[in-house]
$ cat query_25.csv   # CSV, C-alpha atoms
chain,number,residue,atom,x,y,z
A,19,MET,CA,-27.5,34.6,5.7
A,20,ALA,CA,-23.7,34.2,6.0
A,21,TRP,CA,-24.3,31.4,8.5
A,22,SER,CA,-26.5,29.4,6.0
A,23,GLN,CA,-23.9,29.8,3.3
A,24,GLU,CA,-21.2,28.4,5.6
A,25,THR,CA,-23.5,25.5,6.6
A,26,ASP,CA,-24.1,24.7,2.9
A,27,VAL,CA,-20.5,24.5,1.9
A,28,ARG,CA,-19.5,22.7,5.0
A,29,ARG,CA,-21.8,19.8,4.0
A,30,TYR,CA,-19.1,18.8,1.5
A,31,PHE,CA,-16.0,19.1,3.7
A,32,HIS,CA,-16.0,15.4,4.7
A,33,ASP,CA,-15.8,14.5,0.9
A,34,VAL,CA,-12.9,16.8,0.5
A,35,VAL,CA,-11.1,15.6,3.6
A,36,ASP,CA,-11.6,11.9,2.8
A,37,ASN,CA,-10.4,12.2,-0.8
A,38,ALA,CA,-8.0,15.1,-1.0
A,39,LYS,CA,-6.3,15.3,2.4
A,40,HIS,CA,-2.9,14.3,1.1
A,41,HIS,CA,-2.9,17.4,-1.1
A,42,TRP,CA,-4.2,19.8,1.6
A,43,GLU,CA,-1.3,22.3,1.3
A,44,GLU,CA,-1.8,22.8,-2.4
A,45,LEU,CA,-5.6,23.1,-1.8
A,46,ALA,CA,-4.9,25.7,0.9
A,47,HIS,CA,-2.8,27.7,-1.5
A,48,ARG,CA,-5.5,27.6,-4.2
A,49,LEU,CA,-8.0,28.8,-1.6
A,50,ASP,CA,-5.7,31.8,-0.9
A,51,ILE,CA,-5.0,30.8,2.7
A,52,PRO,CA,-2.1,32.9,3.9
A,53,ARG,CA,1.2,31.0,4.0
A,54,PRO,CA,1.8,31.7,7.7
A,55,ASP,CA,-1.6,30.2,8.5
A,56,ILE,CA,-0.7,27.1,6.5
A,57,SER,CA,2.6,26.7,8.4
A,58,ALA,CA,0.9,27.2,11.7
A,59,THR,CA,-1.7,24.6,10.9
A,60,ASP,CA,1.0,22.1,9.9
A,61,MET,CA,2.9,22.7,13.1
A,62,LYS,CA,-0.2,22.6,15.2
A,63,ARG,CA,-1.4,19.3,13.8
A,64,ARG,CA,2.1,17.8,13.4
A,65,GLY,CA,1.5,17.2,9.7
A,66,ASP,CA,-1.7,15.0,10.2
A,67,PRO,CA,-3.3,15.4,6.8
A,68,THR,CA,-6.8,14.8,8.0
A,69,GLN,CA,-6.7,17.4,10.7
A,70,CYS,CA,-4.8,19.9,8.5
A,71,CYS,CA,-7.2,19.6,5.7
A,72,ARG,CA,-10.2,20.1,8.0
A,73,ASP,CA,-8.6,23.1,9.7
A,74,VAL,CA,-7.7,25.0,6.4
A,75,LEU,CA,-11.3,24.4,5.1
A,76,ASP,CA,-12.7,25.9,8.3
A,77,LEU,CA,-10.2,28.7,8.1
A,78,TRP,CA,-11.2,29.4,4.5
A,79,VAL,CA,-14.8,29.8,5.5
A,80,GLY,CA,-13.9,31.9,8.5
A,81,ILE,CA,-11.9,34.3,6.4
A,82,ASN,CA,-14.2,34.5,3.4
A,83,GLY,CA,-17.7,34.2,4.9
A,84,ARG,CA,-20.4,34.1,2.2
A,85,ARG,CA,-17.6,34.4,-0.5
A,86,ALA,CA,-16.6,30.8,0.5
A,87,THR,CA,-18.8,29.3,-2.2
A,88,LEU,CA,-19.0,25.7,-3.5
A,89,ASP,CA,-17.9,26.9,-6.9
A,90,VAL,CA,-14.7,28.4,-5.5
A,91,LEU,CA,-14.1,25.1,-3.7
A,92,LYS,CA,-14.7,23.1,-6.9
A,93,ASP,CA,-12.3,25.3,-8.9
A,94,ALA,CA,-9.6,24.8,-6.2
A,95,LEU,CA,-10.1,21.0,-6.3
A,96,VAL,CA,-9.8,20.9,-10.1
A,97,GLY,CA,-6.6,22.9,-9.8
A,98,CYS,CA,-5.3,20.2,-7.5
A,99,LYS,CA,-6.2,17.6,-10.1
A,100,HIS,CA,-9.0,16.3,-7.9
A,101,GLN,CA,-11.8,16.2,-10.4
A,102,ASP,CA,-12.8,13.0,-8.7
A,103,VAL,CA,-13.8,14.9,-5.6
A,104,VAL,CA,-15.8,17.4,-7.7
A,105,ASP,CA,-17.6,14.4,-9.3
A,106,ILE,CA,-18.5,13.1,-5.8
A,107,ILE,CA,-19.8,16.5,-4.7
A,108,GLU,CA,-21.9,16.9,-7.9
A,109,GLY,CA,-23.1,13.4,-7.6
A,110,ARG,CA,-24.3,14.2,-4.0
A,111,ASP,CA,-26.1,17.3,-5.4
A,112,THR,CA,-27.8,15.2,-8.1
A,113,ILE,CA,-28.9,12.5,-5.7
A,114,GLY,CA,-29.5,14.3,-2.5
A,115,GLY,CA,-30.7,17.6,-3.9
A,116,GLY,CA,-34.0,18.8,-5.2
A,117,ARG,CA,-34.2,16.2,-8.1
A,118,ARG,CA,-36.0,13.0,-7.1
A,119,ARG,CA,-35.8,9.6,-8.7
A,120,HIS,CA,-38.1,6.7,-8.8
A,121,HIS,CA,-37.1,3.8,-6.6
A,122,GLY,CA,-36.8,1.5,-9.6
A,123,ASP,CA,-34.1,3.7,-11.3
A,124,TYR,CA,-31.2,2.1,-9.6
A,125,GLY,CA,-32.8,-0.6,-7.5
A,126,PRO,CA,-32.2,0.0,-3.7
A,127,TYR,CA,-29.4,2.5,-4.5
A,128,ASP,CA,-29.0,5.9,-6.2
A,129,SER,CA,-25.9,5.7,-8.4
A,130,ASN,CA,-25.0,7.9,-11.3
A,131,VAL,CA,-21.3,8.8,-10.7
A,132,THR,CA,-18.2,6.7,-11.3
A,133,ASP,CA,-15.3,7.2,-8.9
A,134,MET,CA,-12.7,7.6,-11.6
A,135,ARG,CA,-9.8,7.8,-9.2
A,136,ARG,CA,-10.5,4.2,-8.1
A,137,VAL,CA,-10.5,3.3,-11.8
A,138,PHE,CA,-7.2,5.1,-12.2
A,139,LEU,CA,-5.7,3.2,-9.3
A,140,LEU,CA,-6.6,-0.1,-10.8
A,141,ILE,CA,-5.2,0.9,-14.2
A,142,LYS,CA,-1.9,2.1,-12.9
A,143,GLU,CA,-1.4,-1.1,-10.9
A,144,LYS,CA,-2.2,-3.3,-13.9
A,145,LEU,CA,-0.1,-1.4,-16.4
A,146,GLY,CA,3.0,-0.8,-14.2
A,147,VAL,CA,6.0,-0.1,-16.3
A,148,ARG,CA,4.0,-0.6,-19.5
A,149,TRP,CA,1.9,2.5,-19.4
A,150,LYS,CA,3.3,4.4,-22.3
A,151,ASP,CA,1.4,2.6,-25.0
A,152,PHE,CA,-1.8,3.5,-23.2
A,153,ALA,CA,-0.7,7.1,-22.9
A,154,ARG,CA,-0.2,7.2,-26.7
A,155,ALA,CA,-3.7,5.7,-27.2
A,156,LEU,CA,-5.0,8.6,-25.1
A,157,ASP,CA,-3.4,10.9,-27.7
A,158,PHE,CA,-0.4,12.1,-25.6
A,159,ASP,CA,2.6,12.9,-27.7
A,160,GLU,CA,6.1,11.6,-27.0
A,161,PRO,CA,7.5,14.9,-25.5
A,162,THR,CA,4.6,15.0,-23.0
A,163,ILE,CA,5.1,11.3,-22.1
A,164,ASP,CA,8.8,11.9,-21.5
A,165,VAL,CA,7.9,14.7,-19.1
A,166,PHE,CA,5.8,12.3,-17.0
A,167,SER,CA,8.6,9.8,-17.0
A,168,TYR,CA,11.1,12.5,-15.9
A,169,LYS,CA,8.9,13.8,-13.1
A,170,HIS,CA,8.3,10.4,-11.5
A,171,ARG,CA,10.7,7.7,-10.5
A,172,ASP,CA,7.9,5.2,-10.1
A,173,PRO,CA,6.1,4.4,-13.4
A,174,ARG,CA,2.8,3.9,-11.5
A,175,ASP,CA,3.1,7.6,-10.4
A,176,ALA,CA,3.8,8.6,-13.9
A,177,CYS,CA,0.8,6.7,-15.1
A,178,MET,CA,-1.4,8.3,-12.4
A,179,ASP,CA,-0.2,11.8,-13.3
A,180,MET,CA,-0.9,11.1,-17.0
A,181,LEU,CA,-4.4,10.0,-16.2
A,182,GLU,CA,-5.2,13.0,-14.0
A,183,GLU,CA,-3.8,15.3,-16.8
A,184,TRP,CA,-6.0,13.5,-19.3
A,185,ARG,CA,-9.1,14.0,-17.1
A,186,GLN,CA,-8.2,17.6,-16.6
A,187,ASN,CA,-7.9,18.2,-20.3
A,188,LYS,CA,-11.0,16.2,-21.3
A,189,GLY,CA,-13.3,17.5,-18.7
A,190,ARG,CA,-16.8,15.9,-19.1
A,191,GLY,CA,-15.4,13.9,-22.0
A,192,ALA,CA,-13.2,11.9,-19.6
A,193,THR,CA,-15.5,8.9,-19.4
A,194,LEU,CA,-15.0,5.2,-18.5
A,195,ASN,CA,-15.9,4.2,-22.0
A,196,GLU,CA,-13.1,6.4,-23.4
A,197,LEU,CA,-10.6,4.7,-21.0
A,198,LYS,CA,-11.7,1.2,-22.1
A,199,GLU,CA,-11.5,2.1,-25.8
A,200,ALA,CA,-7.9,3.4,-25.3
A,201,LEU,CA,-6.9,0.3,-23.3
A,202,LYS,CA,-8.3,-1.8,-26.1
A,203,ASN,CA,-6.3,0.1,-28.7
A,204,ALA,CA,-3.2,-0.3,-26.6
A,205,GLY,CA,-3.7,-4.1,-26.6
A,206,ARG,CA,-4.6,-4.4,-22.9
A,207,MET,CA,-7.9,-6.2,-22.9
A,208,ASP,CA,-6.8,-7.8,-19.6
A,209,VAL,CA,-7.2,-4.4,-18.0
A,210,VAL,CA,-10.5,-3.8,-19.7
A,211,ASP,CA,-11.7,-7.1,-18.3
A,212,ALA,CA,-10.6,-6.1,-14.8
A,213,ILE,CA,-12.5,-2.8,-15.1
A,214,ILE,CA,-15.6,-4.6,-16.3
A,215,GLU,CA,-15.3,-7.1,-13.5
A,216,HIS,CA,-15.2,-4.3,-10.8
A,217,GLU,CA,-17.3,-1.7,-12.7
A,218,GLU,CA,-20.2,-1.9,-10.2
A,219,GLU,CA,-17.8,-1.3,-7.3
A,220,PHE,CA,-16.6,1.9,-8.9
A,221,LYS,CA,-20.1,3.4,-8.8
A,222,ILE,CA,-20.6,5.8,-5.9
A,223,LYS,CA,-23.6,4.2,-4.3
A,224,ARG,CA,-25.7,5.8,-1.6
A,225,PRO,CA,-28.8,4.1,-0.1
A,226,ARG,CA,-31.9,6.2,-0.6
A,227,GLY,CA,-32.8,8.3,2.4
A,228,CYS,CA,-29.5,8.0,4.2
A,229,ALA,CA,-27.7,11.0,5.6
A,230,PRO,CA,-24.7,12.2,3.4
A,231,ARG,CA,-22.0,11.1,5.7
A,232,ALA,CA,-23.4,7.7,6.5
A,233,ALA,CA,-24.2,7.1,2.8
A,234,GLN,CA,-20.8,7.9,1.4
A,235,MET,CA,-19.1,4.9,-0.1
A,236,PRO,CA,-15.8,4.2,1.8
A,237,ARG,CA,-12.8,5.3,-0.2
A,238,ASN,CA,-10.0,2.9,-1.0
A,239,PRO,CA,-7.0,5.1,-0.3
A,240,GLU,CA,-3.7,4.7,-2.2
A,241,GLN,CA,-1.5,2.3,-0.3
A,242,LYS,CA,2.2,1.8,0.1
A,243,ARG,CA,3.4,-1.2,-1.8
A,244,VAL,CA,6.2,-3.6,-0.8
A,245,PHE,CA,7.8,-6.6,-2.4
A,246,ILE,CA,9.5,-9.3,-0.2
A,247,SER,CA,12.7,-10.7,-1.6
A,248,TYR,CA,13.8,-14.0,0.0
A,249,THR,CA,15.1,-17.5,-0.6
A,250,VAL,CA,12.9,-20.4,0.4
A,251,ASP,CA,15.9,-22.1,1.9
A,252,PRO,CA,17.6,-19.7,4.4
A,253,ASP,CA,20.7,-21.8,5.2
A,254,THR,CA,23.8,-23.1,3.4
A,255,ASP,CA,24.9,-25.8,5.8
A,256,PRO,CA,25.8,-28.9,3.6
A,257,HIS,CA,25.6,-31.3,6.6
A,258,ARG,CA,21.9,-31.0,7.0
A,259,THR,CA,19.7,-34.0,6.4
A,260,PRO,CA,17.0,-33.7,3.7
A,261,ARG,CA,14.4,-33.7,6.5
A,262,GLN,CA,16.2,-30.8,8.2
A,263,ARG,CA,16.4,-28.8,5.0
A,264,ASP,CA,12.7,-29.4,4.3
A,265,SER,CA,11.9,-28.2,7.8
A,266,HIS,CA,13.9,-25.0,7.3
A,267,ILE,CA,12.2,-24.3,4.0
A,268,ALA,CA,8.7,-24.8,5.4
A,269,LEU,CA,9.5,-22.5,8.3
A,270,GLN,CA,10.9,-19.8,6.0
A,271,ARG,CA,7.8,-19.9,3.7
A,272,GLU,CA,5.5,-19.7,6.8
A,273,ARG,CA,7.3,-16.7,8.2
A,274,VAL,CA,7.4,-14.8,4.9
A,275,ARG,CA,3.7,-15.5,4.4
A,276,ALA,CA,2.9,-14.4,8.0
A,277,LEU,CA,4.8,-11.1,7.6
A,278,SER,CA,3.2,-10.4,4.2
A,279,ASP,CA,-0.3,-11.2,5.5
A,280,THR,CA,0.2,-9.0,8.6
A,281,LEU,CA,1.3,-6.1,6.4
A,282,ARG,CA,-1.7,-6.5,4.2
A,283,HIS,CA,-4.0,-6.7,7.2
A,284,ASN,CA,-2.6,-3.3,8.3
A,285,GLY,CA,-3.1,-1.5,5.0
A,286,VAL,CA,0.1,-2.2,3.2
A,287,ASP,CA,-0.1,-3.8,-0.3
A,288,SER,CA,2.5,-6.5,0.2
A,289,VAL,CA,3.4,-8.8,-2.7
A,290,ILE,CA,5.1,-12.2,-2.5
A,291,ASP,CA,5.5,-15.1,-5.0
A,292,GLN,CA,3.4,-17.4,-2.8
A,293,TYR,CA,0.3,-15.4,-3.7
A,294,LEU,CA,0.7,-16.4,-7.3
A,295,GLU,CA,1.5,-20.1,-7.0
A,296,GLN,CA,-2.0,-21.2,-8.1
A,297,ASN,CA,-2.0,-18.8,-11.1
A,298,PRO,CA,1.6,-18.1,-11.9
A,299,PRO,CA,2.8,-15.4,-14.4
A,300,HIS,CA,4.0,-16.6,-17.8
A,301,ILE,CA,7.5,-15.3,-17.1
A,302,TRP,CA,8.6,-15.1,-13.5
A,303,THR,CA,11.6,-12.8,-14.2
A,304,ARG,CA,9.5,-10.2,-15.9
A,305,TRP,CA,7.0,-10.3,-13.0
A,306,THR,CA,9.9,-10.0,-10.5
A,307,GLU,CA,11.4,-7.0,-12.3
A,308,ASP,CA,8.1,-5.2,-12.5
A,309,GLU,CA,7.3,-5.8,-8.8
A,310,ILE,CA,10.7,-4.5,-7.7
A,311,HIS,CA,10.3,-1.5,-9.9
A,312,MET,CA,6.8,-0.7,-8.7
A,313,ALA,CA,7.4,-1.3,-5.0
A,314,ASP,CA,7.8,1.6,-2.6
A,315,TYR,CA,10.0,-0.7,-0.5
A,316,VAL,CA,11.7,-4.0,-1.1
A,317,LEU,CA,12.1,-6.1,2.1
A,318,MET,CA,15.3,-8.2,1.8
A,319,ILE,CA,15.0,-11.2,4.2
A,320,CYS,CA,18.7,-11.6,5.0
A,321,THR,CA,20.0,-15.1,5.6
A,322,PRO,CA,23.3,-16.8,4.6
A,323,ASN,CA,21.8,-18.4,1.5
A,324,TYR,CA,20.0,-15.1,0.5
A,325,LEU,CA,23.3,-13.3,0.7
A,326,GLN,CA,25.1,-15.8,-1.6
A,327,CYS,CA,22.2,-15.8,-4.1
A,328,VAL,CA,21.5,-12.0,-4.3
A,329,THR,CA,25.2,-11.2,-4.7
A,330,GLY,CA,25.6,-13.8,-7.4
A,331,ARG,CA,28.1,-16.0,-5.5
A,332,LYS,CA,26.1,-19.1,-5.9
A,333,ASP,CA,26.4,-20.9,-9.2
A,334,GLU,CA,24.4,-24.1,-9.0
A,335,GLU,CA,20.9,-23.9,-10.6
A,336,ALA,CA,17.9,-24.5,-8.4
A,337,THR,CA,14.3,-23.7,-8.9
A,338,SER,CA,14.1,-22.0,-5.5
A,339,GLU,CA,17.2,-19.8,-6.0
A,340,TYR,CA,17.5,-18.7,-9.6
A,341,LYS,CA,14.8,-16.1,-9.1
A,342,VAL,CA,16.7,-14.5,-6.2
A,343,ARG,CA,19.9,-14.3,-8.3
A,344,PHE,CA,17.9,-12.5,-10.9
A,345,GLU,CA,16.4,-10.2,-8.2
A,346,GLY,CA,20.0,-9.4,-7.2
A,347,LYS,CA,20.9,-8.3,-10.7
A,348,VAL,CA,17.8,-6.0,-10.8
A,349,ILE,CA,18.6,-4.6,-7.3
A,350,TYR,CA,22.2,-3.9,-8.1
A,351,ALA,CA,21.3,-2.3,-11.4
A,352,LYS,CA,18.9,0.1,-9.6
A,353,LEU,CA,21.6,1.1,-7.1
A,354,ALA,CA,23.1,3.3,-9.9
A,355,ASP,CA,20.6,5.9,-8.8
A,356,PRO,CA,21.5,7.0,-5.2
A,357,LYS,CA,17.9,8.1,-4.6
A,358,VAL,CA,16.8,4.4,-4.8
A,359,HIS,CA,19.1,3.1,-2.0
A,360,GLU,CA,16.5,3.8,0.8
A,361,LYS,CA,14.0,1.6,-1.0
A,362,PHE,CA,15.8,-1.6,0.1
A,363,LEU,CA,15.3,-2.6,3.7
A,364,PRO,CA,17.3,-5.5,5.3
A,365,VAL,CA,15.0,-7.6,7.5
A,366,PHE,CA,15.8,-10.5,9.8
A,367,PHE,CA,13.6,-13.2,11.2
A,368,ASP,CA,16.2,-14.4,13.6
A,369,GLU,CA,18.9,-12.4,15.4
A,370,ILE,CA,20.4,-9.6,13.4
A,371,ASN,CA,23.7,-10.6,11.8
A,372,ARG,CA,25.4,-7.9,9.8
A,373,ASP,CA,27.5,-10.4,7.9
A,374,ASN,CA,24.3,-11.6,6.1
A,375,VAL,CA,23.6,-8.2,4.7
A,376,PRO,CA,25.0,-7.3,1.2
A,377,THR,CA,27.9,-4.9,1.7
A,378,VAL,CA,26.2,-2.0,-0.1
A,379,PHE,CA,23.4,-2.0,2.5
A,380,GLN,CA,25.5,-2.5,5.6
A,381,GLY,CA,25.4,1.2,6.4
A,382,GLY,CA,21.6,1.3,6.7
A,383,HIS,CA,19.2,0.3,9.4
A,384,PHE,CA,18.4,-3.4,10.0
A,385,TYR,CA,14.8,-4.4,10.9
A,386,GLY,CA,14.0,-7.3,13.2
A,387,PRO,CA,14.1,-9.9,14.5
A,388,ILE,CA,10.5,-10.3,13.3
A,389,GLU,CA,8.6,-12.8,15.4
A,390,ARG,CA,7.2,-16.0,13.9
A,391,ASN,CA,3.6,-14.6,14.3
A,392,PRO,CA,4.1,-10.9,13.7
A,393,ARG,CA,1.3,-8.5,14.7
A,394,TYR,CA,0.9,-4.8,15.2
A,395,GLY,CA,2.0,-4.0,18.7
A,396,GLN,CA,5.3,-5.9,18.6
A,397,ASP,CA,8.2,-3.5,18.7
A,398,SER,CA,10.2,-5.1,16.0
A,399,PHE,CA,7.3,-5.3,13.6
A,400,ASN,CA,6.1,-1.8,14.5
A,401,GLN,CA,9.4,-0.3,13.6
A,402,LEU,CA,9.3,-1.8,10.1
A,403,PHE,CA,5.7,-0.9,9.7
A,404,TYR,CA,6.2,2.7,10.7
A,405,LYS,CA,9.0,3.0,8.2
A,406,ILE,CA,6.9,1.6,5.3
A,407,VAL,CA,3.8,3.8,6.0
A,408,GLY,CA,5.9,6.9,6.9
A,409,SER,CA,4.0,7.5,10.1
A,410,ALA,CA,4.0,6.8,13.8
A,411,PRO,CA,1.7,7.1,16.8
A,412,LYS,CA,1.6,10.6,18.3
A,413,GLU,CA,3.1,9.4,21.5
A,414,LYS,CA,6.2,8.2,19.6
A,415,LEU,CA,6.9,11.6,18.1
A,416,PRO,CA,9.2,14.2,19.9
A,417,PRO,CA,7.4,17.0,21.9
A,418,PRO,CA,7.3,20.4,20.2
A,419,VAL,CA,10.2,22.7,20.8
A,420,GLY,CA,9.3,25.3,23.4
A,421,ASN,CA,10.6,28.7,24.2
A,422,ILE,CA,13.8,29.4,26.1
A,423,PRO,CA,13.0,30.2,29.7
A,424,PRO,CA,13.0,33.9,30.5
A,425,GLY,CA,15.7,35.6,32.5
A,426,LEU,CA,18.6,34.0,30.6
A,427,VAL,CA,21.3,36.2,29.1
A,428,PRO,CA,23.5,35.4,26.1
A,429,VAL,CA,27.0,34.1,26.7
A,430,PRO,CA,29.7,35.8,24.6
A,431,ARG,CA,31.2,33.3,22.2
A,432,ARG,CA,34.9,32.8,22.7
A,433,THR,CA,37.1,33.3,19.7
$ encode --input "query_25.csv" --output "structure tokens"
Amino acid sequence: MAWSQETDVRRYFHDVVDNAKHHWEELAHRLDIPRPDISATDMKRRGDPTQCCRDVLDLWVGINGRRATLDVLKDALVGCKHQDVVDIIEGRDTIGGGRRRHHGDYGPYDSNVTDMRRVFLLIKEKLGVRWKDFARALDFDEPTIDVFSYKHRDPRDACMDMLEEWRQNKGRGATLNELKEALKNAGRMDVVDAIIEHEEEFKIKRPRGCAPRAAQMPRNPEQKRVFISYTVDPDTDPHRTPRQRDSHIALQRERVRALSDTLRHNGVDSVIDQYLEQNPPHIWTRWTEDEIHMADYVLMICTPNYLQCVTGRKDEEATSEYKVRFEGKVIYAKLADPKVHEKFLPVFFDEINRDNVPTVFQGGHFYGPIERNPRYGQDSFNQLFYKIVGSAPKEKLPPPVGNIPPGLVPVPRRT
């Protein structure tokens, strides 16, 4: 009997691992896994969240046997602010359990659950620094809003925390219609339109008759976001011909686009102004300030011209340079907070030249030279990529620290 109970709850482990693995430690604590076992799992798996989450779930079942019920797992997930995973599990029960539906109910798919976390991700990206009016429309008071702002340096994280708190408080009343009504009251019909446009994608769809693992809709994980700050003209040489200058500008734009595209292909949400040239924002400076504020990292493409512009040493007005001078003002304003310094990464396309780096960042690490056609597998690109995603291949990590060989005796310390 205990074996069948284990088998039943294990059916849902892949949902938990796929959607809550980055909070595996908190989940382990709420499942009453002993702290030494949590530390041992972390050390054994070298912090790999997928393996760690899977291990603690298996350990939980092994410790508790038939007491490791689905209700206990759901309560732990709600405590970790992962009602989204509970919704997915309950949706699986409704669709794959004993209750049958007619084929015409949802066309070729069964679909009755909205993946609210994906909706939240869209909302936080769209609102950015302007999330507080939305919080007020969801009936949060000013002191509570201030707490979210204090807890999170990034307004997107504050918005996400607020949304998770809202869903926790509302329970079954936390519906998509409630979100759309609050956005409408906050004057953000653009976000409502974006939700409506993608609403069908937010449904958890499973083809009828498919096994649970194969039928699960792939989850769109939360990604690192970068903003690339650069000047379209990298050089300051006044003796260049117009043709040479145009060639330098074309090459710089090509390299920036190639770097950004490669980051995006490898799971990083990279943002550059070139992506918006066909549908530009109404006010470029506001867009620039928001992107710098929301980015996890700002890549500073260091060149002689970029140094002059970002530090405010260049006075002449030019369409291609005024934005970078404004970026410099935003960047230097943020440096008042020492915790933000690591957010700005000096990057070089050509050979690294310390003299082209703003003085305040000269003590940091420089990345490059990035090749004209960057791709995963090139050392210079990999180093930058690993820094952004906060991870590295297992073979790049140091080996575990072993035990001191037996037979050694301590040497008295000289005083």
$ residues_around --input "query_25.csv" --residues "A:Ala46" --least-positions-apart "5" --cutoff "9 Å" --atoms "all atoms listed in the file" --output "ChimeraX atom specification"
/A:41,51-53,56,71,74-75,78,94
$ write_last_selection --input "query_25.csv" --atoms "C-alpha atoms" --output "PDB file, keeping the file's coordinate frame"
ATOM      1  CA  HIS A  41      -2.900  17.400  -1.100  1.00  0.00           C
ATOM      2  CA  ILE A  51      -5.000  30.800   2.700  1.00  0.00           C
ATOM      3  CA  PRO A  52      -2.100  32.900   3.900  1.00  0.00           C
ATOM      4  CA  ARG A  53       1.200  31.000   4.000  1.00  0.00           C
ATOM      5  CA  ILE A  56      -0.700  27.100   6.500  1.00  0.00           C
ATOM      6  CA  CYS A  71      -7.200  19.600   5.700  1.00  0.00           C
ATOM      7  CA  VAL A  74      -7.700  25.000   6.400  1.00  0.00           C
ATOM      8  CA  LEU A  75     -11.300  24.400   5.100  1.00  0.00           C
ATOM      9  CA  TRP A  78     -11.200  29.400   4.500  1.00  0.00           C
ATOM     10  CA  ALA A  94      -9.600  24.800  -6.200  1.00  0.00           C
TER      11      ALA A  94
END
$ closest_residue --input "query_25.csv" --among "A:Ile246, A:Glu219, A:Arg432, A:Glu309" --to "A:Asp279" --atoms "only C-alpha atoms"
A:Ile246
$ residues_around --input "query_25.csv" --residues "stretch 269-271 of chain A" --least-positions-apart "5" --cutoff "8 Å" --atoms "all atoms listed in the file" --output "JSON, numbers by chain"
{"A": [250, 251, 252]}
$ closest_residue --input "query_25.csv" --among "A:Asp55, A:Gly189, A:Glu108, A:Arg29" --to "A:Val96" --atoms "only C-alpha atoms"
A:Gly189
$ closest_residue --input "query_25.csv" --among "A:Leu363, A:His383, A:Leu325, A:Ile310" --to "A:Val348" --atoms "all atoms listed in the file"
A:Ile310
$ atom_distance --input "query_25.csv" --atom1 "atom CA of A:Gly386" --atom2 "atom CA of A:Phe366"
5.0 Å
$ closest_residue --input "query_25.csv" --among "A:Thr306, A:Ser288, A:Thr162, A:Ser167" --to "A:Ile349" --atoms "all atoms listed in the file"
A:Thr306
$ atom_distance --input "query_25.csv" --atom1 "atom CA of A:Tyr394" --atom2 "atom CA of A:Cys320"
21.6 Å
$ closest_residue --input "query_25.csv" --among "A:Val210, A:Ala38, A:Thr87, A:Gly65" --to "A:Lys198" --atoms "only C-alpha atoms"
A:Val210
$ closest_residue --input "query_25.csv" --among "A:Arg390, A:Lys347, A:Lys99, A:Lys357" --to "A:Leu181" --atoms "all atoms listed in the file"
A:Lys99
$ residues_around --input "query_25.csv" --residues "A:Val103" --least-positions-apart "5" --cutoff "7 Å" --atoms "all atoms listed in the file" --output "PyMOL selection string"
chain A and resi 33-34+37
$ residues_around --input "query_25.csv" --residues "stretch 403-405 of chain A" --least-positions-apart "3" --cutoff "12 Å" --atoms "only C-alpha atoms" --output "PyMOL selection string"
chain A and resi 242-244+277-278+280-288+314-317+360-363+365+383-386+388+392-400+408-412+414-415
$ atom_distance --input "query_25.csv" --atom1 "atom CA of A:Tyr293" --atom2 "atom CA of A:Met318"
17.5 Å
$ build_atoms --input "query_25.csv" --residues "stretch 264-274 of chain A" --atoms "N, CA and C atoms" --output "PDB file, in the frame of the given file"
ATOM      1  N   ASP A 264      14.087 -29.580   4.531  1.00  0.00           N
ATOM      2  CA  ASP A 264      12.700 -29.400   4.300  1.00  0.00           C
ATOM      3  C   ASP A 264      11.996 -28.615   5.395  1.00  0.00           C
ATOM      4  N   SER A 265      12.430 -28.887   6.622  1.00  0.00           N
ATOM      5  CA  SER A 265      11.900 -28.200   7.800  1.00  0.00           C
ATOM      6  C   SER A 265      12.219 -26.702   7.738  1.00  0.00           C
ATOM      7  N   HIS A 266      13.476 -26.395   7.377  1.00  0.00           N
ATOM      8  CA  HIS A 266      13.900 -25.000   7.300  1.00  0.00           C
ATOM      9  C   HIS A 266      13.137 -24.262   6.187  1.00  0.00           C
ATOM     10  N   ILE A 267      12.907 -24.932   5.056  1.00  0.00           N
ATOM     11  CA  ILE A 267      12.200 -24.300   4.000  1.00  0.00           C
ATOM     12  C   ILE A 267      10.725 -24.038   4.357  1.00  0.00           C
ATOM     13  N   ALA A 268      10.104 -25.003   5.018  1.00  0.00           N
ATOM     14  CA  ALA A 268       8.700 -24.800   5.400  1.00  0.00           C
ATOM     15  C   ALA A 268       8.575 -23.655   6.415  1.00  0.00           C
ATOM     16  N   LEU A 269       9.546 -23.554   7.355  1.00  0.00           N
ATOM     17  CA  LEU A 269       9.500 -22.500   8.300  1.00  0.00           C
ATOM     18  C   LEU A 269       9.703 -21.120   7.648  1.00  0.00           C
ATOM     19  N   GLN A 270      10.638 -21.057   6.690  1.00  0.00           N
ATOM     20  CA  GLN A 270      10.900 -19.800   6.000  1.00  0.00           C
ATOM     21  C   GLN A 270       9.657 -19.340   5.216  1.00  0.00           C
ATOM     22  N   ARG A 271       9.031 -20.249   4.507  1.00  0.00           N
ATOM     23  CA  ARG A 271       7.800 -19.900   3.700  1.00  0.00           C
ATOM     24  C   ARG A 271       6.708 -19.434   4.687  1.00  0.00           C
ATOM     25  N   GLU A 272       6.574 -20.109   5.804  1.00  0.00           N
ATOM     26  CA  GLU A 272       5.500 -19.700   6.800  1.00  0.00           C
ATOM     27  C   GLU A 272       5.774 -18.333   7.311  1.00  0.00           C
ATOM     28  N   ARG A 273       7.032 -18.018   7.633  1.00  0.00           N
ATOM     29  CA  ARG A 273       7.300 -16.700   8.200  1.00  0.00           C
ATOM     30  C   ARG A 273       7.137 -15.588   7.168  1.00  0.00           C
ATOM     31  N   VAL A 274       7.567 -15.832   5.937  1.00  0.00           N
ATOM     32  CA  VAL A 274       7.400 -14.800   4.900  1.00  0.00           C
ATOM     33  C   VAL A 274       5.904 -14.573   4.661  1.00  0.00           C
TER      34      VAL A 274
END
